[in-house]
$ cat target_9.pdb   # PDB, C-alpha atoms
ATOM      1  CA  ARG A 109      72.245  41.102   2.486
ATOM      2  CA  ASP A 110      71.710  41.191   6.230
ATOM      3  CA  LEU A 111      70.771  37.499   6.245
ATOM      4  CA  ASN A 112      73.899  36.643   4.269
ATOM      5  CA  LEU A 113      76.084  38.560   6.715
ATOM      6  CA  VAL A 114      74.456  36.881   9.722
ATOM      7  CA  ASP A 115      74.951  33.470   8.094
ATOM      8  CA  VAL A 116      78.656  34.255   7.619
ATOM      9  CA  LEU A 117      78.866  35.355  11.256
ATOM     10  CA  LEU A 118      77.193  32.160  12.466
ATOM     11  CA  SER A 119      79.582  30.067  10.359
ATOM     12  CA  GLU A 120      82.607  31.887  11.757
ATOM     13  CA  LEU A 121      81.336  31.444  15.323
ATOM     14  CA  GLU A 122      80.767  27.736  14.732
ATOM     15  CA  GLY A 123      84.371  27.360  13.590
ATOM     16  CA  MET A 124      85.670  29.300  16.593
ATOM     17  CA  GLU A 125      83.576  27.174  18.968
ATOM     18  CA  ALA A 126      84.980  23.977  17.470
ATOM     19  CA  ARG A 127      88.559  25.199  18.028
ATOM     20  CA  GLU A 128      88.090  26.798  21.468
ATOM     21  CA  GLU A 129      89.297  24.789  24.483
ATOM     22  CA  ASP A 130      88.895  27.401  27.212
ATOM     23  CA  GLY A 131      85.533  26.909  28.963
ATOM     24  CA  ALA A 132      84.919  30.577  29.775
ATOM     25  CA  ARG A 133      85.680  31.760  26.248
ATOM     26  CA  LEU A 134      83.555  28.952  24.798
ATOM     27  CA  ALA A 135      80.610  30.061  26.944
ATOM     28  CA  ALA A 136      81.076  33.623  25.651
ATOM     29  CA  LEU A 137      81.104  32.339  22.062
ATOM     30  CA  TYR A 138      77.877  30.439  22.701
ATOM     31  CA  ARG A 139      76.265  33.664  23.945
ATOM     32  CA  LEU A 140      77.371  35.466  20.775
ATOM     33  CA  ASP A 141      76.087  32.551  18.690
ATOM     34  CA  HIS A 142      72.677  32.817  20.343
ATOM     35  CA  LEU A 143      72.587  36.589  19.792
ATOM     36  CA  ALA A 144      73.403  36.087  16.099
ATOM     37  CA  ALA A 145      70.593  33.535  15.835
ATOM     38  CA  ARG A 146      68.173  36.123  17.231
ATOM     39  CA  LEU A 147      69.431  38.689  14.714
ATOM     40  CA  ARG A 148      68.797  36.176  11.943
ATOM     41  CA  ARG A 149      65.243  35.638  13.147
ATOM     42  CA  ASN A 150      64.556  39.384  13.091
ATOM     43  CA  ALA A 151      65.912  39.693   9.554
ATOM     44  CA  GLU A 152      63.783  36.751   8.412
ATOM     45  CA  ASN A 153      60.709  38.336  10.004
ATOM     46  CA  LEU A 154      61.228  41.512   7.985
ATOM     47  CA  ARG A 155      61.312  39.426   4.787
ATOM     48  CA  VAL A 156      58.075  37.706   5.814
ATOM     49  CA  LEU A 157      56.339  41.042   6.470
ATOM     50  CA  ALA A 158      57.528  42.273   3.075
ATOM     51  CA  GLY A 159      55.708  39.342   1.479
ATOM     52  CA  HIS A 160      58.729  37.193   0.661
ATOM     53  CA  GLU A 161      59.738  33.711   1.684
ATOM     54  CA  ALA A 162      62.059  33.872   4.698
ATOM     55  CA  SER A 163      64.302  31.324   2.999
ATOM     56  CA  ASP A 164      64.751  30.293  -0.630
ATOM     57  CA  VAL A 165      65.759  26.779   0.385
ATOM     58  CA  VAL A 166      63.223  24.022   1.062
ATOM     59  CA  GLY A 167      64.221  22.383   4.331
ATOM     60  CA  GLN A 168      63.997  18.769   5.381
ATOM     61  CA  THR A 169      61.169  17.151   7.289
ATOM     62  CA  LEU A 170      61.656  17.719  11.018
ATOM     63  CA  SER A 171      59.991  16.138  14.027
ATOM     64  CA  VAL A 172      57.609  18.420  15.891
ATOM     65  CA  VAL A 173      59.876  18.348  18.944
ATOM     66  CA  ASP A 174      62.883  19.390  16.815
ATOM     67  CA  VAL A 175      60.840  22.256  15.389
ATOM     68  CA  VAL A 176      60.091  23.359  18.969
ATOM     69  CA  ARG A 177      63.752  23.090  19.978
ATOM     70  CA  ALA A 178      64.835  25.151  16.964
ATOM     71  CA  ALA A 179      62.251  27.785  17.891
ATOM     72  CA  MET A 180      63.573  27.904  21.463
ATOM     73  CA  SER A 181      67.132  28.474  20.235
ATOM     74  CA  SER A 182      66.150  31.725  18.516
ATOM     75  CA  ILE A 183      64.536  33.510  21.472
ATOM     76  CA  ASP A 184      66.144  35.418  24.318
ATOM     77  CA  GLN A 185      64.751  33.626  27.393
ATOM     78  CA  TYR A 186      64.951  30.076  26.024
ATOM     79  CA  SER A 187      66.030  28.677  29.404
ATOM     80  CA  ARG A 188      62.540  29.367  30.807
ATOM     81  CA  VAL A 189      60.807  27.131  28.261
ATOM     82  CA  THR A 190      59.812  23.618  29.284
ATOM     83  CA  ILE A 191      58.794  21.047  26.657
ATOM     84  CA  GLY A 192      55.873  18.880  27.716
ATOM     85  CA  ARG A 193      54.296  15.999  25.822
ATOM     86  CA  VAL A 194      54.885  16.287  22.087
ATOM     87  CA  VAL A 195      53.465  13.913  19.489
ATOM     88  CA  GLY A 196      56.074  11.766  17.723
ATOM     89  CA  LEU A 197      55.279  13.066  14.237
ATOM     90  CA  GLY A 198      56.999  15.423  11.830
ATOM     91  CA  VAL A 199      56.356  18.607   9.855
ATOM     92  CA  VAL A 200      56.819  18.401   6.078
ATOM     93  CA  GLY A 201      59.982  20.008   4.758
ATOM     94  CA  PHE A 202      58.451  22.924   2.839
ATOM     95  CA  ALA A 203      56.677  24.143   6.016
ATOM     96  CA  ALA A 204      59.022  23.081   8.827
ATOM     97  CA  GLU A 205      61.001  26.338   9.059
ATOM     98  CA  ASP A 206      57.888  28.495   8.891
ATOM     99  CA  VAL A 207      56.189  26.437  11.610
ATOM    100  CA  GLY A 208      59.329  26.930  13.699
ATOM    101  CA  ARG A 209      59.101  30.688  13.165
ATOM    102  CA  VAL A 210      55.484  30.710  14.294
ATOM    103  CA  VAL A 211      56.350  28.767  17.453
ATOM    104  CA  ALA A 212      59.354  31.043  18.088
ATOM    105  CA  GLU A 213      57.173  34.168  17.988
ATOM    106  CA  LEU A 214      54.606  32.631  20.345
ATOM    107  CA  LEU A 215      57.363  31.545  22.752
ATOM    108  CA  ASP A 216      58.974  34.980  22.582
ATOM    109  CA  ASN A 217      55.683  36.687  23.415
ATOM    110  CA  ALA A 218      55.021  34.279  26.275
ATOM    111  CA  THR A 219      58.415  34.896  27.889
ATOM    112  CA  LYS A 220      58.203  38.668  27.416
ATOM    113  CA  TRP A 221      54.770  39.025  29.005
ATOM    114  CA  SER A 222      55.227  36.802  32.034
ATOM    115  CA  SER A 223      57.381  36.900  35.151
ATOM    116  CA  PRO A 224      61.106  36.202  34.569
ATOM    117  CA  SER A 225      60.912  33.594  37.334
ATOM    118  CA  SER A 226      58.006  31.700  35.765
ATOM    119  CA  VAL A 227      58.032  28.788  33.332
ATOM    120  CA  VAL A 228      56.601  28.764  29.809
ATOM    121  CA  ARG A 229      55.294  25.373  28.689
ATOM    122  CA  VAL A 230      54.993  24.116  25.135
ATOM    123  CA  SER A 231      53.274  20.895  24.033
ATOM    124  CA  GLY A 232      52.014  19.262  20.846
ATOM    125  CA  HIS A 233      49.062  16.882  20.522
ATOM    126  CA  LEU A 234      47.498  14.898  17.695
ATOM    127  CA  THR A 235      43.809  15.618  17.060
ATOM    128  CA  GLU A 236      41.141  13.211  15.817
ATOM    129  CA  GLN A 237      41.305  14.896  12.409
ATOM    130  CA  GLY A 238      45.015  14.117  12.001
ATOM    131  CA  SER A 239      46.124  17.689  12.640
ATOM    132  CA  VAL A 240      48.582  18.688  15.368
ATOM    133  CA  LEU A 241      47.740  21.280  18.016
ATOM    134  CA  VAL A 242      50.749  23.093  19.497
ATOM    135  CA  ARG A 243      50.123  25.038  22.709
ATOM    136  CA  VAL A 244      52.327  27.648  24.396
ATOM    137  CA  GLU A 245      51.230  28.456  27.968
ATOM    138  CA  ASP A 246      52.536  31.246  30.171
ATOM    139  CA  GLU A 247      51.748  32.365  33.722
ATOM    140  CA  GLY A 248      51.531  36.107  33.104
ATOM    141  CA  ILE A 249      48.739  38.436  34.194
ATOM    142  CA  GLY A 250      46.807  37.655  31.040
ATOM    143  CA  LEU A 251      45.088  39.971  28.575
ATOM    144  CA  PRO A 252      41.921  42.069  28.999
ATOM    145  CA  SER A 253      38.957  40.577  27.130
ATOM    146  CA  GLU A 254      38.800  43.402  24.574
ATOM    147  CA  ARG A 255      42.511  43.174  23.837
ATOM    148  CA  LEU A 256      42.315  39.400  23.511
ATOM    149  CA  ALA A 257      39.400  39.654  21.077
ATOM    150  CA  ARG A 258      41.194  42.297  18.993
ATOM    151  CA  LEU A 259      44.355  40.215  18.715
ATOM    152  CA  ASN A 260      42.362  37.133  17.732
ATOM    153  CA  GLU A 261      40.609  39.162  15.032
ATOM    154  CA  ARG A 262      43.991  40.087  13.584
ATOM    155  CA  LEU A 263      45.225  36.496  13.779
ATOM    156  CA  ALA A 264      42.124  35.306  11.927
ATOM    157  CA  GLY A 265      41.812  38.136   9.399
ATOM    158  CA  SER A 266      43.665  38.857   6.187
ATOM    159  CA  PRO A 267      47.343  39.730   6.723
ATOM    160  CA  VAL A 268      47.871  43.497   6.677
ATOM    161  CA  LEU A 269      50.927  45.694   7.129
ATOM    162  CA  ASP A 270      50.037  48.737   9.243
ATOM    163  CA  ASP A 271      51.175  50.549  12.395
ATOM    164  CA  GLU A 272      49.744  47.784  14.583
ATOM    165  CA  SER A 273      51.774  45.199  12.663
ATOM    166  CA  VAL A 274      54.956  47.172  13.237
ATOM    167  CA  ARG A 275      54.274  47.496  16.976
ATOM    168  CA  HIS A 276      53.489  43.792  17.287
ATOM    169  CA  MET A 277      55.722  42.333  14.589
ATOM    170  CA  GLY A 278      55.717  38.832  16.101
ATOM    171  CA  LEU A 279      51.957  38.328  15.796
ATOM    172  CA  ALA A 280      51.956  39.921  12.331
ATOM    173  CA  VAL A 281      54.537  37.352  11.247
ATOM    174  CA  VAL A 282      52.446  34.580  12.809
ATOM    175  CA  ARG A 283      49.405  35.703  10.791
ATOM    176  CA  ARG A 284      51.274  35.807   7.480
ATOM    177  CA  LEU A 285      52.860  32.391   7.982
ATOM    178  CA  THR A 286      49.682  30.706   9.179
ATOM    179  CA  ALA A 287      47.813  32.116   6.162
ATOM    180  CA  ARG A 288      50.567  30.839   3.844
ATOM    181  CA  HIS A 289      50.256  27.244   5.054
ATOM    182  CA  GLY A 290      46.589  26.964   6.004
ATOM    183  CA  MET A 291      47.334  26.943   9.738
ATOM    184  CA  ARG A 292      45.236  28.635  12.407
ATOM    185  CA  ALA A 293      46.481  30.510  15.486
ATOM    186  CA  TRP A 294      44.586  32.019  18.404
ATOM    187  CA  LEU A 295      44.949  33.184  22.011
ATOM    188  CA  ASP A 296      42.954  32.104  25.087
ATOM    189  CA  ARG A 297      42.935  32.993  28.754
ATOM    190  CA  ARG A 298      44.702  30.388  30.851
ATOM    191  CA  VAL A 299      43.295  29.225  34.185
ATOM    192  CA  PRO A 300      44.147  30.300  36.856
ATOM    193  CA  GLN A 301      46.215  32.996  35.140
ATOM    194  CA  GLY A 302      48.203  33.680  32.028
ATOM    195  CA  THR A 303      47.658  33.168  28.316
ATOM    196  CA  THR A 304      47.597  30.106  26.079
ATOM    197  CA  ALA A 305      48.675  30.600  22.465
ATOM    198  CA  SER A 306      47.633  27.785  20.134
ATOM    199  CA  VAL A 307      48.530  26.953  16.536
ATOM    200  CA  LEU A 308      46.809  24.176  14.598
ATOM    201  CA  LEU A 309      48.877  22.431  11.926
ATOM    202  CA  PRO A 310      46.577  20.884   9.300
ATOM    203  CA  ALA A 311      46.982  17.194   8.475
ATOM    204  CA  ALA A 312      48.578  18.145   5.131
ATOM    205  CA  LEU A 313      51.610  19.520   7.005
ATOM    206  CA  VAL A 314      51.952  16.475   9.299
ATOM    207  CA  THR A 315      53.903  13.384   8.359
ATOM    208  CA  GLU A 316      55.796  10.454   9.802
ATOM    209  CA  VAL A 317      59.318  11.202  10.968
ATOM    210  CA  PRO A 318      61.869   9.745   8.508
ATOM    211  CA  GLU A 319      64.021   6.969   9.921
ATOM    212  CA  VAL A 320      67.684   7.862  10.343
TER     213      VAL A 320
END

$ encode --input "target_9.pdb" --output "structure tokens"
Amino acid sequence: RDLNLVDVLLSELEGMEAREEDGARLAALYRLDHLAARLRRNAENLRVLAGHEASDVVGQTLSVVDVVRAAMSSIDQYSRVTIGRVVGLGVVGFAAEDVGRVVAELLDNATKWSSPSSVVRVSGHLTEQGSVLVRVEDEGIGLPSERLARLNERLAGSPVLDDESVRHMGLAVVRRLTARHGMRAWLDRRVPQGTTASVLLPAALVTEVPEV
């Protein structure tokens, strides 16, 4: 029900934006639109943690860069994200939205745990095995070794819903979605400082981008 209400709100805002001619009011509508998109992401995350599909509709194949852009649009500090080199391939339709949710959670974490004046970089590279490696790099203080190892254990283990999952909902969502599609996610220390979050999309999820 919450998702339906947010979808109605987004539709109404889109109509208002199309009719608005005043620049200041249009900017305010865009801010409300972005807030509604973040509310939608939170509602979808709750569905994922409950064991359901976030959406009942199979989406279309999207380019990796479009998946990244969609992920950026659903986080608070999207203006701090810089897109680096991204392979010119796509993500198959049945997984595209879920891959976008994974990237959104990694971007959200990176912006939350690094300086507001710093940049978060995202890139996507083709591997020799035909998979695509997406990296999100921040310039924060990084994570202690024990904490890093514990988080990686959770990202690699079976999805569970416990107090830790509630406190760190973003990574819990990442684990459930990566398990659903045979992806792998992990965290590394970044040199000279910060954290690199990586997600590996298997070749089965990678495809050519359809011609328009």

$ closest_residue --input "target_9.pdb" --among "A:Leu234, A:Ala218, A:Leu157, A:Leu263" --to "Ile249 in chain A" --atoms "all atoms listed in the file"
A:Ala218

$ atom_distance --input "target_9.pdb" --atom1 "CA of Ala203 in chain A" --atom2 "CA of Thr303 in chain A"
25.7 Å

$ residues_around --input "target_9.pdb" --residues "range 118-123 of chain A" --least-positions-apart "5" --cutoff "7 Å" --atoms "all atoms listed in the file" --output "list of chain:residue names"
A:Leu137, A:Asp141, A:Ala144

$ closest_residue --input "target_9.pdb" --among "A:Leu143, A:Arg283, A:Arg127, A:Gly238" --to "Ser266 in chain A" --atoms "only C-alpha atoms"
A:Arg283

$ residues_around --input "target_9.pdb" --residues "range 172-176 of chain A" --least-positions-apart "2" --cutoff "9 Å" --atoms "all atoms listed in the file" --output "list of chain:residue names"
A:Leu170, A:Ala178, A:Ala179, A:Met180, A:Ser181, A:Ile191, A:Val194, A:Val195, A:Gly196, A:Leu197, A:Gly198, A:Val199, A:Ala204, A:Glu205, A:Val207, A:Gly208, A:Arg209, A:Val211, A:Ala212, A:Val230, A:Ser231, A:Gly232, A:Val314, A:Val317

$ atom_distance --input "target_9.pdb" --atom1 "CA of Val240 in chain A" --atom2 "CA of Leu309 in chain A"
5.1 Å

$ residues_around --input "target_9.pdb" --residues "range 219-227 of chain A" --least-positions-apart "5" --cutoff "12 Å" --atoms "all atoms listed in the file" --output "ChimeraX atom specification"
/A:180,183-192,212-214,244-251,278,301-305

$ atom_distance --input "target_9.pdb" --atom1 "CA of Val242 in chain A" --atom2 "CA of Arg139 in chain A"
28.0 Å

$ decode --input "target_9.pdb" --residues "range 205-226 of chain A" --atoms "N, CA and C atoms" --output "mmCIF file, in the first residue's frame"
data_model
loop_
_atom_site.group_PDB
_atom_site.id
_atom_site.type_symbol
_atom_site.label_atom_id
_atom_site.label_comp_id
_atom_site.auth_asym_id
_atom_site.auth_seq_id
_atom_site.Cartn_x
_atom_site.Cartn_y
_atom_site.Cartn_z
ATOM 1 N N GLU A 205 16.522 -3.849 -12.067
ATOM 2 C CA GLU A 205 16.095 -3.033 -10.925
ATOM 3 C C GLU A 205 16.789 -3.472 -9.647
ATOM 4 N N ASP A 206 16.956 -4.776 -9.467
ATOM 5 C CA ASP A 206 17.615 -5.257 -8.257
ATOM 6 C C ASP A 206 19.091 -4.854 -8.233
ATOM 7 N N VAL A 207 19.758 -4.912 -9.386
ATOM 8 C CA VAL A 207 21.142 -4.452 -9.448
ATOM 9 C C VAL A 207 21.201 -2.970 -9.084
ATOM 10 N N GLY A 208 20.245 -2.199 -9.585
ATOM 11 C CA GLY A 208 20.185 -0.777 -9.238
ATOM 12 C C GLY A 208 20.000 -0.560 -7.745
ATOM 13 N N ARG A 209 19.214 -1.407 -7.100
ATOM 14 C CA ARG A 209 19.017 -1.280 -5.655
ATOM 15 C C ARG A 209 20.307 -1.589 -4.893
ATOM 16 N N VAL A 210 21.026 -2.598 -5.360
ATOM 17 C CA VAL A 210 22.304 -2.923 -4.728
ATOM 18 C C VAL A 210 23.263 -1.738 -4.835
ATOM 19 N N VAL A 211 23.383 -1.180 -6.033
ATOM 20 C CA VAL A 211 24.287 -0.045 -6.240
ATOM 21 C C VAL A 211 23.838 1.155 -5.407
ATOM 22 N N ALA A 212 22.522 1.372 -5.319
ATOM 23 C CA ALA A 212 22.001 2.494 -4.528
ATOM 24 C C ALA A 212 22.401 2.362 -3.061
ATOM 25 N N GLU A 213 22.294 1.159 -2.505
ATOM 26 C CA GLU A 213 22.658 0.968 -1.097
ATOM 27 C C GLU A 213 24.149 1.181 -0.876
ATOM 28 N N LEU A 214 24.981 0.722 -1.815
ATOM 29 C CA LEU A 214 26.422 0.922 -1.676
ATOM 30 C C LEU A 214 26.787 2.402 -1.805
ATOM 31 N N LEU A 215 26.125 3.116 -2.727
ATOM 32 C CA LEU A 215 26.356 4.551 -2.861
ATOM 33 C C LEU A 215 25.895 5.303 -1.615
ATOM 34 N N ASP A 216 24.756 4.903 -1.078
ATOM 35 C CA ASP A 216 24.217 5.565 0.110
ATOM 36 C C ASP A 216 25.168 5.400 1.288
ATOM 37 N N ASN A 217 25.672 4.179 1.475
ATOM 38 C CA ASN A 217 26.641 3.947 2.548
ATOM 39 C C ASN A 217 27.895 4.788 2.360
ATOM 40 N N ALA A 218 28.383 4.828 1.118
ATOM 41 C CA ALA A 218 29.623 5.559 0.838
ATOM 42 C C ALA A 218 29.474 7.051 1.133
ATOM 43 N N THR A 219 28.339 7.629 0.788
ATOM 44 C CA THR A 219 28.141 9.061 1.037
ATOM 45 C C THR A 219 27.903 9.343 2.517
ATOM 46 N N LYS A 220 27.273 8.409 3.213
ATOM 47 C CA LYS A 220 26.998 8.614 4.641
ATOM 48 C C LYS A 220 28.259 8.545 5.486
ATOM 49 N N TRP A 221 29.210 7.687 5.097
ATOM 50 C CA TRP A 221 30.371 7.436 5.932
ATOM 51 C C TRP A 221 31.641 8.082 5.395
ATOM 52 N N SER A 222 31.478 9.168 4.670
ATOM 53 C CA SER A 222 32.630 9.937 4.208
ATOM 54 C C SER A 222 32.305 11.419 4.327
ATOM 55 N N SER A 223 33.322 12.240 4.227
ATOM 56 C CA SER A 223 33.149 13.686 4.405
ATOM 57 C C SER A 223 32.166 14.259 3.387
ATOM 58 N N PRO A 224 31.277 15.169 3.816
ATOM 59 C CA PRO A 224 30.323 15.795 2.898
ATOM 60 C C PRO A 224 30.991 16.571 1.762
ATOM 61 N N SER A 225 32.257 16.912 1.939
ATOM 62 C CA SER A 225 32.965 17.654 0.886
ATOM 63 C C SER A 225 33.729 16.739 -0.061
ATOM 64 N N SER A 226 33.705 15.438 0.202
ATOM 65 C CA SER A 226 34.465 14.503 -0.635
ATOM 66 C C SER A 226 33.602 13.936 -1.755
#
